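Okay, model-v2.csv is below, CSV, C-alpha atoms:
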```csv
chain,number,residue,atom,x,y,z
A,1,MET,CA,-14.3,-122.5,-285.0
A,2,GLU,CA,-12.1,-124.8,-282.9
A,3,ILE,CA,-12.6,-128.5,-282.1
A,4,ARG,CA,-10.5,-130.9,-280.1
A,5,PHE,CA,-10.6,-134.5,-281.2
A,6,ASP,CA,-9.4,-137.2,-278.8
A,7,PRO,CA,-8.8,-140.0,-279.7
A,8,ILE,CA,-7.9,-139.6,-283.4
A,9,ALA,CA,-7.0,-143.2,-284.5
A,10,ASN,CA,-9.4,-144.0,-287.5
A,11,LYS,CA,-11.1,-140.7,-287.1
A,12,SER,CA,-9.8,-138.9,-290.2
A,13,GLY,CA,-13.1,-138.9,-291.9
A,14,GLU,CA,-14.9,-137.4,-288.9
A,15,ILE,CA,-12.3,-134.7,-288.5
A,16,ILE,CA,-12.3,-133.8,-292.2
A,17,GLU,CA,-16.1,-133.6,-292.3
A,18,ALA,CA,-16.2,-131.4,-289.1
A,19,LEU,CA,-13.8,-128.9,-290.6
A,20,MET,CA,-15.5,-128.9,-294.0
A,21,SER,CA,-18.8,-128.0,-292.3
A,22,SER,CA,-17.3,-125.0,-290.6
A,23,PRO,CA,-19.2,-121.8,-291.2
A,24,ASP,CA,-15.8,-120.3,-292.1
A,25,MET,CA,-15.6,-122.2,-295.3
A,26,PRO,CA,-16.4,-120.5,-298.6
A,27,ASP,CA,-19.2,-121.5,-301.0
A,28,ASP,CA,-17.1,-122.0,-304.1
A,29,GLU,CA,-17.1,-125.7,-305.0
A,30,GLY,CA,-13.7,-125.5,-306.7
A,31,VAL,CA,-12.1,-123.9,-303.7
A,32,LEU,CA,-13.8,-126.3,-301.4
A,33,PHE,CA,-12.4,-129.2,-303.4
A,34,LYS,CA,-8.8,-128.0,-302.8
A,35,ILE,CA,-9.4,-127.2,-299.2
A,36,ARG,CA,-10.9,-130.7,-298.6
A,37,LEU,CA,-8.0,-132.3,-300.3
A,38,CYS,CA,-5.4,-130.4,-298.3
A,39,ILE,CA,-7.2,-131.0,-295.0
A,40,GLU,CA,-7.3,-134.7,-295.7
A,41,GLU,CA,-3.6,-134.8,-296.5
A,42,ALA,CA,-2.7,-132.8,-293.4
A,43,VAL,CA,-5.0,-134.7,-291.0
A,44,GLU,CA,-3.9,-138.1,-292.4
A,45,ASN,CA,-0.2,-137.2,-291.7
A,46,ILE,CA,-1.0,-136.5,-288.1
A,47,VAL,CA,-3.4,-139.5,-287.5
A,48,HIS,CA,-0.9,-141.9,-289.0
A,49,TYR,CA,2.5,-140.6,-287.9
A,50,ALA,CA,2.3,-138.0,-285.1
A,51,TYR,CA,1.8,-140.3,-282.2
A,52,SER,CA,3.7,-143.4,-283.2
A,53,HIS,CA,2.5,-146.2,-280.9
A,54,GLU,CA,-0.2,-144.5,-278.9
A,55,ASP,CA,-3.3,-142.5,-279.6
A,56,GLY,CA,-3.4,-138.8,-279.3
A,57,TRP,CA,-5.4,-135.6,-280.0
A,58,ILE,CA,-5.8,-132.9,-282.6
A,59,ILE,CA,-7.0,-129.4,-282.1
A,60,ALA,CA,-8.4,-128.3,-285.4
A,61,SER,CA,-9.5,-124.7,-286.1
A,62,THR,CA,-10.8,-122.6,-288.9
A,63,GLN,CA,-10.9,-118.9,-289.1
A,64,ARG,CA,-12.2,-116.5,-291.7
A,65,LEU,CA,-10.0,-113.5,-292.3
A,66,GLY,CA,-11.4,-111.3,-295.0
A,67,ASP,CA,-11.3,-113.2,-298.3
A,68,LYS,CA,-9.3,-116.2,-297.0
A,69,VAL,CA,-9.8,-119.1,-294.6
A,70,VAL,CA,-7.1,-120.2,-292.2
A,71,ILE,CA,-7.0,-123.8,-291.2
A,72,SER,CA,-4.8,-124.9,-288.3
A,73,LEU,CA,-4.0,-128.3,-286.9
A,74,ARG,CA,-2.2,-128.8,-283.6
A,75,ASP,CA,-1.0,-132.0,-282.1
A,76,ALA,CA,1.3,-133.0,-279.3
A,77,GLY,CA,3.0,-135.8,-281.2
A,78,ILE,CA,6.6,-136.3,-282.2
A,79,PRO,CA,8.1,-133.0,-283.4
A,80,PHE,CA,8.0,-133.2,-287.2
A,81,ASP,CA,8.2,-130.5,-289.8
A,82,PRO,CA,6.4,-131.8,-292.9
A,83,LEU,CA,7.6,-128.8,-294.9
A,84,ALA,CA,11.2,-129.9,-294.4
A,85,VAL,CA,10.6,-133.1,-296.4
A,86,PRO,CA,12.0,-132.7,-300.0
A,87,ASP,CA,9.3,-132.5,-302.7
A,88,PRO,CA,8.8,-135.7,-304.7
A,89,ASP,CA,10.3,-135.8,-308.2
A,90,ILE,CA,7.2,-135.6,-310.3
A,91,THR,CA,9.1,-136.2,-313.5
A,92,LEU,CA,10.0,-139.8,-312.7
A,93,PRO,CA,8.3,-142.7,-314.6
A,94,ALA,CA,5.9,-145.0,-312.7
A,95,GLU,CA,8.4,-147.6,-311.8
A,96,ALA,CA,10.6,-145.1,-310.1
A,97,ARG,CA,7.9,-143.1,-308.3
A,98,GLN,CA,7.6,-143.7,-304.6
A,99,ILE,CA,4.3,-144.4,-303.0
A,100,GLY,CA,3.7,-141.5,-300.7
A,101,GLY,CA,5.2,-138.1,-300.1
A,102,LEU,CA,2.5,-136.5,-302.3
A,103,GLY,CA,0.2,-135.2,-299.6
A,104,ILE,CA,2.1,-132.3,-298.2
A,105,PHE,CA,3.3,-131.5,-301.8
A,106,LEU,CA,-0.3,-131.1,-302.8
A,107,CYS,CA,-0.9,-128.8,-299.8
A,108,LYS,CA,2.1,-126.6,-300.9
A,109,GLN,CA,0.8,-126.4,-304.4
A,110,MET,CA,-2.9,-125.9,-303.8
A,111,MET,CA,-2.9,-123.6,-300.8
A,112,ASP,CA,-1.8,-119.9,-300.9
A,113,SER,CA,0.3,-120.4,-297.8
A,114,VAL,CA,1.4,-123.4,-295.6
A,115,ARG,CA,3.5,-123.0,-292.5
A,116,TYR,CA,4.8,-125.2,-289.7
A,117,GLU,CA,6.0,-124.3,-286.2
A,118,TYR,CA,6.8,-126.2,-283.1
A,119,THR,CA,5.5,-124.3,-280.1
A,120,ASP,CA,4.6,-125.1,-276.5
A,121,GLY,CA,5.3,-128.8,-277.1
A,122,CYS,CA,3.0,-128.9,-280.1
A,123,ASN,CA,3.3,-129.3,-283.9
A,124,VAL,CA,1.2,-126.5,-285.5
A,125,PHE,CA,0.5,-126.8,-289.2
A,126,THR,CA,-1.4,-123.9,-290.7
A,127,MET,CA,-2.8,-123.5,-294.2
A,128,GLU,CA,-4.4,-120.5,-295.8
A,129,LYS,CA,-6.6,-120.4,-298.9
A,130,LYS,CA,-8.0,-117.3,-300.6
A,131,PHE,CA,-11.5,-117.6,-302.1
A,132,ASN,CA,-11.5,-115.4,-305.1
A,133,ASN,CA,-8.4,-116.3,-307.0
A,134,ASP,CA,-9.6,-119.6,-308.6
B,135,MET,CA,-16.3,-144.8,-304.4
B,136,ASP,CA,-18.5,-147.1,-306.3
B,137,VAL,CA,-16.6,-149.5,-308.7
B,138,LYS,CA,-18.3,-151.3,-311.6
B,139,ILE,CA,-16.2,-153.6,-313.6
B,140,ASN,CA,-17.2,-155.2,-317.0
B,141,LYS,CA,-14.7,-157.9,-318.0
B,142,VAL,CA,-14.5,-159.4,-321.4
B,143,ASP,CA,-11.5,-161.6,-321.8
B,144,ASN,CA,-8.5,-159.4,-321.0
B,145,LYS,CA,-10.5,-156.2,-321.5
B,146,PHE,CA,-11.8,-154.3,-318.5
B,147,ASP,CA,-14.2,-151.4,-318.6
B,148,VAL,CA,-14.4,-149.8,-315.2
B,149,ILE,CA,-16.8,-147.1,-314.1
B,150,LEU,CA,-15.7,-145.1,-311.0
B,151,THR,CA,-18.4,-143.1,-309.2
B,152,GLY,CA,-18.0,-140.8,-306.2
B,153,ARG,CA,-15.0,-139.9,-304.0
B,154,LEU,CA,-11.9,-141.8,-303.4
B,155,ASP,CA,-10.3,-140.8,-300.1
B,156,THR,CA,-8.8,-142.0,-296.8
B,157,THR,CA,-12.1,-143.5,-295.7
B,158,ASN,CA,-12.6,-145.9,-298.6
B,159,ALA,CA,-9.1,-146.4,-300.2
B,160,ASP,CA,-8.8,-149.8,-298.6
B,161,GLN,CA,-12.1,-150.9,-300.0
B,162,PHE,CA,-11.2,-149.6,-303.4
B,163,GLN,CA,-8.0,-151.6,-303.3
B,164,LYS,CA,-10.1,-154.7,-302.7
B,165,ASP,CA,-12.6,-153.7,-305.4
B,166,ILE,CA,-9.9,-153.5,-308.1
B,167,GLU,CA,-8.0,-156.7,-307.2
B,168,ILE,CA,-9.3,-158.4,-310.3
B,169,LEU,CA,-7.5,-155.7,-312.3
B,170,MET,CA,-4.2,-156.8,-310.8
B,171,GLU,CA,-4.3,-160.3,-312.3
B,172,GLY,CA,-3.7,-161.8,-315.7
B,173,GLU,CA,-1.5,-161.0,-318.7
B,174,ASN,CA,-1.9,-158.1,-321.1
B,175,PRO,CA,-4.8,-156.4,-319.4
B,176,ASP,CA,-6.5,-153.7,-321.4
B,177,ILE,CA,-8.1,-151.4,-318.7
B,178,THR,CA,-10.2,-148.3,-319.2
B,179,LEU,CA,-11.3,-146.4,-316.2
B,180,ASP,CA,-14.3,-144.2,-316.9
B,181,CYS,CA,-13.8,-141.2,-314.6
B,182,LYS,CA,-16.7,-138.9,-315.6
B,183,ASP,CA,-18.4,-139.4,-312.2
B,184,MET,CA,-15.3,-139.6,-310.1
B,185,GLU,CA,-15.7,-136.5,-307.9
B,186,TYR,CA,-12.5,-136.5,-305.9
B,187,THR,CA,-9.2,-138.2,-305.2
B,188,SER,CA,-6.7,-137.5,-302.5
B,189,SER,CA,-3.1,-138.9,-302.4
B,190,GLN,CA,-4.6,-142.1,-301.1
B,191,GLY,CA,-6.3,-142.5,-304.4
B,192,LEU,CA,-3.2,-141.6,-306.3
B,193,ARG,CA,-1.3,-144.4,-304.5
B,194,MET,CA,-3.9,-146.8,-305.8
B,195,PHE,CA,-3.7,-145.6,-309.4
B,196,LEU,CA,0.1,-145.7,-309.3
B,197,MET,CA,0.0,-149.3,-307.9
B,198,LEU,CA,-2.3,-150.2,-310.7
B,199,GLN,CA,-0.2,-148.6,-313.4
B,200,LYS,CA,3.0,-150.4,-312.1
B,201,SER,CA,1.1,-153.7,-312.1
B,202,VAL,CA,-0.2,-153.1,-315.6
B,203,ASN,CA,3.3,-152.2,-316.9
B,204,ALA,CA,4.8,-155.3,-315.4
B,205,ARG,CA,2.2,-157.4,-317.2
B,206,GLY,CA,2.5,-155.8,-320.6
B,207,GLY,CA,-0.9,-154.2,-320.4
B,208,LYS,CA,-2.6,-150.9,-321.1
B,209,LEU,CA,-4.3,-148.5,-318.7
B,210,VAL,CA,-6.3,-145.5,-319.7
B,211,MET,CA,-8.3,-143.0,-317.6
B,212,LYS,CA,-11.0,-141.1,-319.5
B,213,ASP,CA,-13.3,-138.2,-319.1
B,214,MET,CA,-11.8,-137.0,-315.9
B,215,LYS,CA,-13.3,-133.9,-314.2
B,216,PRO,CA,-11.1,-130.8,-314.5
B,217,GLN,CA,-10.5,-130.5,-310.7
B,218,VAL,CA,-9.5,-134.1,-310.4
B,219,LYS,CA,-7.3,-133.8,-313.5
B,220,GLU,CA,-5.6,-130.9,-311.7
B,221,VAL,CA,-4.5,-133.3,-308.9
B,222,PHE,CA,-3.0,-135.6,-311.5
B,223,ASP,CA,-1.3,-132.7,-313.3
B,224,ILE,CA,0.2,-131.2,-310.1
B,225,THR,CA,1.7,-134.5,-309.0
B,226,GLY,CA,3.0,-135.5,-312.4
B,227,PHE,CA,0.6,-138.4,-312.6
B,228,SER,CA,-0.7,-137.2,-315.9
B,229,ASN,CA,2.7,-138.2,-317.3
B,230,ILE,CA,2.6,-141.6,-315.7
B,231,ILE,CA,-1.0,-142.6,-316.5
B,232,LYS,CA,-2.6,-142.1,-319.9
B,233,ILE,CA,-5.5,-139.7,-319.6
B,234,ILE,CA,-7.8,-139.1,-322.5
```

Encoded form using structure tokens:
Amino acid sequence: MEIRFDPIANKSGEIIEALMSSPDMPDDEGVLFKIRLCIEEAVENIVHYAYSHEDGWIIASTQRLGDKVVISLRDAGIPFDPLAVPDPDITLPAEARQIGGLGIFLCKQMMDSVRYEYTDGCNVFTMEKKFNND
Amino acid sequence: MDVKINKVDNKFDVILTGRLDTTNADQFQKDIEILMEGENPDITLDCKDMEYTSSQGLRMFLMLQKSVNARGGKLVMKDMKPQVKEVFDITGFSNIIKII
């Protein structure tokens, strides 16, 4: 399944629901919880940061490959590798914790694979989740 | 996310129901404004019907914990669903906020 969303400002909820209703998604509620969370984090990053002062588009796709689902998000915003951002220090006390930086960290932890590439003028963020390992 | 608050003096019993995500985090922040006021607040968040939180929700809980700390209060989250608890565990929030 592939859907192009344009515009994307304030459309996070719509984009997340469209991906979650893809026929490529598994049935397992626990796996779906993690997939929804990671889609939300990845979509939010693009909607809020990719296009700075103008609106833009996202091409979102899902693909079922054997026992895993592959979710890919493509945008033509500012080149930005979210995986290059250092992980938050999760041992700090509340006062020292920063607001933010947790979304992509959650994707790294909850998905089986996350990768980023910049290709043909686009950011491409891809996540994979296996079904039967939870 | 539905928020029901029962306030008796400085004690707040709060029932959270549903999903806390990017679509309703702003509303949630408004709903819990009363928890951000007053000295020595004693706040219990009943999470047994909280279905989901993303990092947007974690931001709100961190903000609340910092506010409670600054006012000499207590904050407890109780009866969290395992998959929600996992989000708190992975991000280290289980060490920041008391979960029972």

**Message:** Every residue with an atom at most 12 Å from (8.2, -142.8, -302.9) (file coordinates; only C-alpha atoms) is what I'm after, so could you write them as a ChimeraX atom specification?
**Reply:** /A:85-90,92-103 /B:189,192-193,196-197

**Request:** Do a neighbour search on Ala204 (chain B) at 12 Å with all atoms listed in the file, toss out local chain neighbours closer than 3 positions, and write the hits as a ChimeraX atom specification.
**Result:** /A:94-95 /B:170-175,197-201,207-209

**Request:** Residues of chain B no more than 12 Å from chain A, counting only C-alpha atoms: send them over as number ranges by chain.
**Result:** B: 153-159, 185-204, 215-218, 220-232

**Message:** When you look at Lys145 (chain B) with a cut-off of 7 Å (counting all atoms listed in the file), what residues show up, excluding the ones that are within fewer than 2 positions of it in the same chain? I need them as a list in words.
**Reply:**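 Listing them by chain and then by number gives Lys141, Val142, Asp143, Asp147, Pro175, Asp176 and Ile177 of chain B.
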
**Asked** Do you know which residues are at most 10 Å from Gly121 (chain A) counting only C-alpha atoms, after dropping those on the same chain fewer than 3 positions away, and could you put them as a PyMOL selection string?
**Response** chain A and resi 74-79+118+124

For the residues selected in the previous step, produce a file with C-alpha atoms as a compact mmCIF listing (two decimals), in the coordinates of the input.
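Wrote it out as result-v8.txt, contents follow:
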```
# COMPACT_ATOMS: atom_id res chain seq x y z
CA ARG A 74 -2.20 -128.80 -283.60
CA ASP A 75 -1.00 -132.00 -282.10
CA ALA A 76 1.30 -133.00 -279.30
CA GLY A 77 3.00 -135.80 -281.20
CA ILE A 78 6.60 -136.30 -282.20
CA PRO A 79 8.10 -133.00 -283.40
CA TYR A 118 6.80 -126.20 -283.10
CA VAL A 124 1.20 -126.50 -285.50
```

**Request:** May I have the residues within 10 Å of region 64-69 of chain A as a PyMOL selection string, using all atoms listed in the file and disregarding those fewer than 5 positions away in the same chain?
**Result:** chain A and resi 1+22-26+35+112+127-133

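Pairwise distance (CA of Ile233 (chain B), CA of Gln163 (chain B)) equals 20.3 Å.
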
**Request:** Please indicate the distance in Å from CA of Leu19 (chain A) to CA of Asp81 (chain A), rounded to one decimal place.
**Result:**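 Rounded to one decimal, the two atoms are 22.1 Å apart.
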
For region 11-28 of chain A, I'd like the enclosing box, axis-aligned and padded by 6 Å on every side, reported as AutoDock Vina command-line options with centre and edge lengths in Å to one decimal.
```
--center_x -14.5 --center_y -130.5 --center_z -295.6 --size_x 21.4 --size_y 32.4 --size_z 29.0
```

**Prompt:** Any idea what the distance is between CA of Ser61 (chain A) and CA of Cys122 (chain A)?
**Reply:**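 Separation between CA of Ser61 (chain A) and CA of Cys122 (chain A): 14.5 Å.
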
**Request:** Choose the residue, out of B:Val210, B:Val137, B:Leu150, B:Ile168, that has the smallest atom-to-atom separation from Lys182 (chain B); count only C-alpha atoms.
**Result:** B:Leu150

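Distances here use only C-alpha atoms; by that measure, the residue among B:Asp180, B:Asp136, B:Glu167, B:Asp160 closest to Asp213 (chain B) is B:Asp180.
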
**Asked** Hey, which of B:Lys219, B:Lys138, B:Lys212, B:Arg205 ends up closest to Thr178 (chain B)? Count only C-alpha atoms.
**Response** B:Lys212

**Message:** Restricting the calculation to all atoms listed in the file: of B:Gln161, B:Ile166, B:Ile234, B:Asn140, which residue gets closest to Cys181 (chain B)?
**Reply:**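 Distance minimum relative to Cys181 (chain B) lands on B:Ile234.
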
**Message:** Neighbouring residues of Glu54 (chain A) were defined as those with any atom within 12 Å, considering all atoms listed in the file; residues of the same chain fewer than 2 positions away were excluded. Please report them as a PyMOL selection string.
**Reply:** chain A and resi 6-9+47-52+56-57+76-78

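Shortest separation to Asn45 (chain A) among A:Met111, A:Ile58, A:Ala18, A:Phe5 occurs at residue A:Ile58, atoms counted being all atoms listed in the file.
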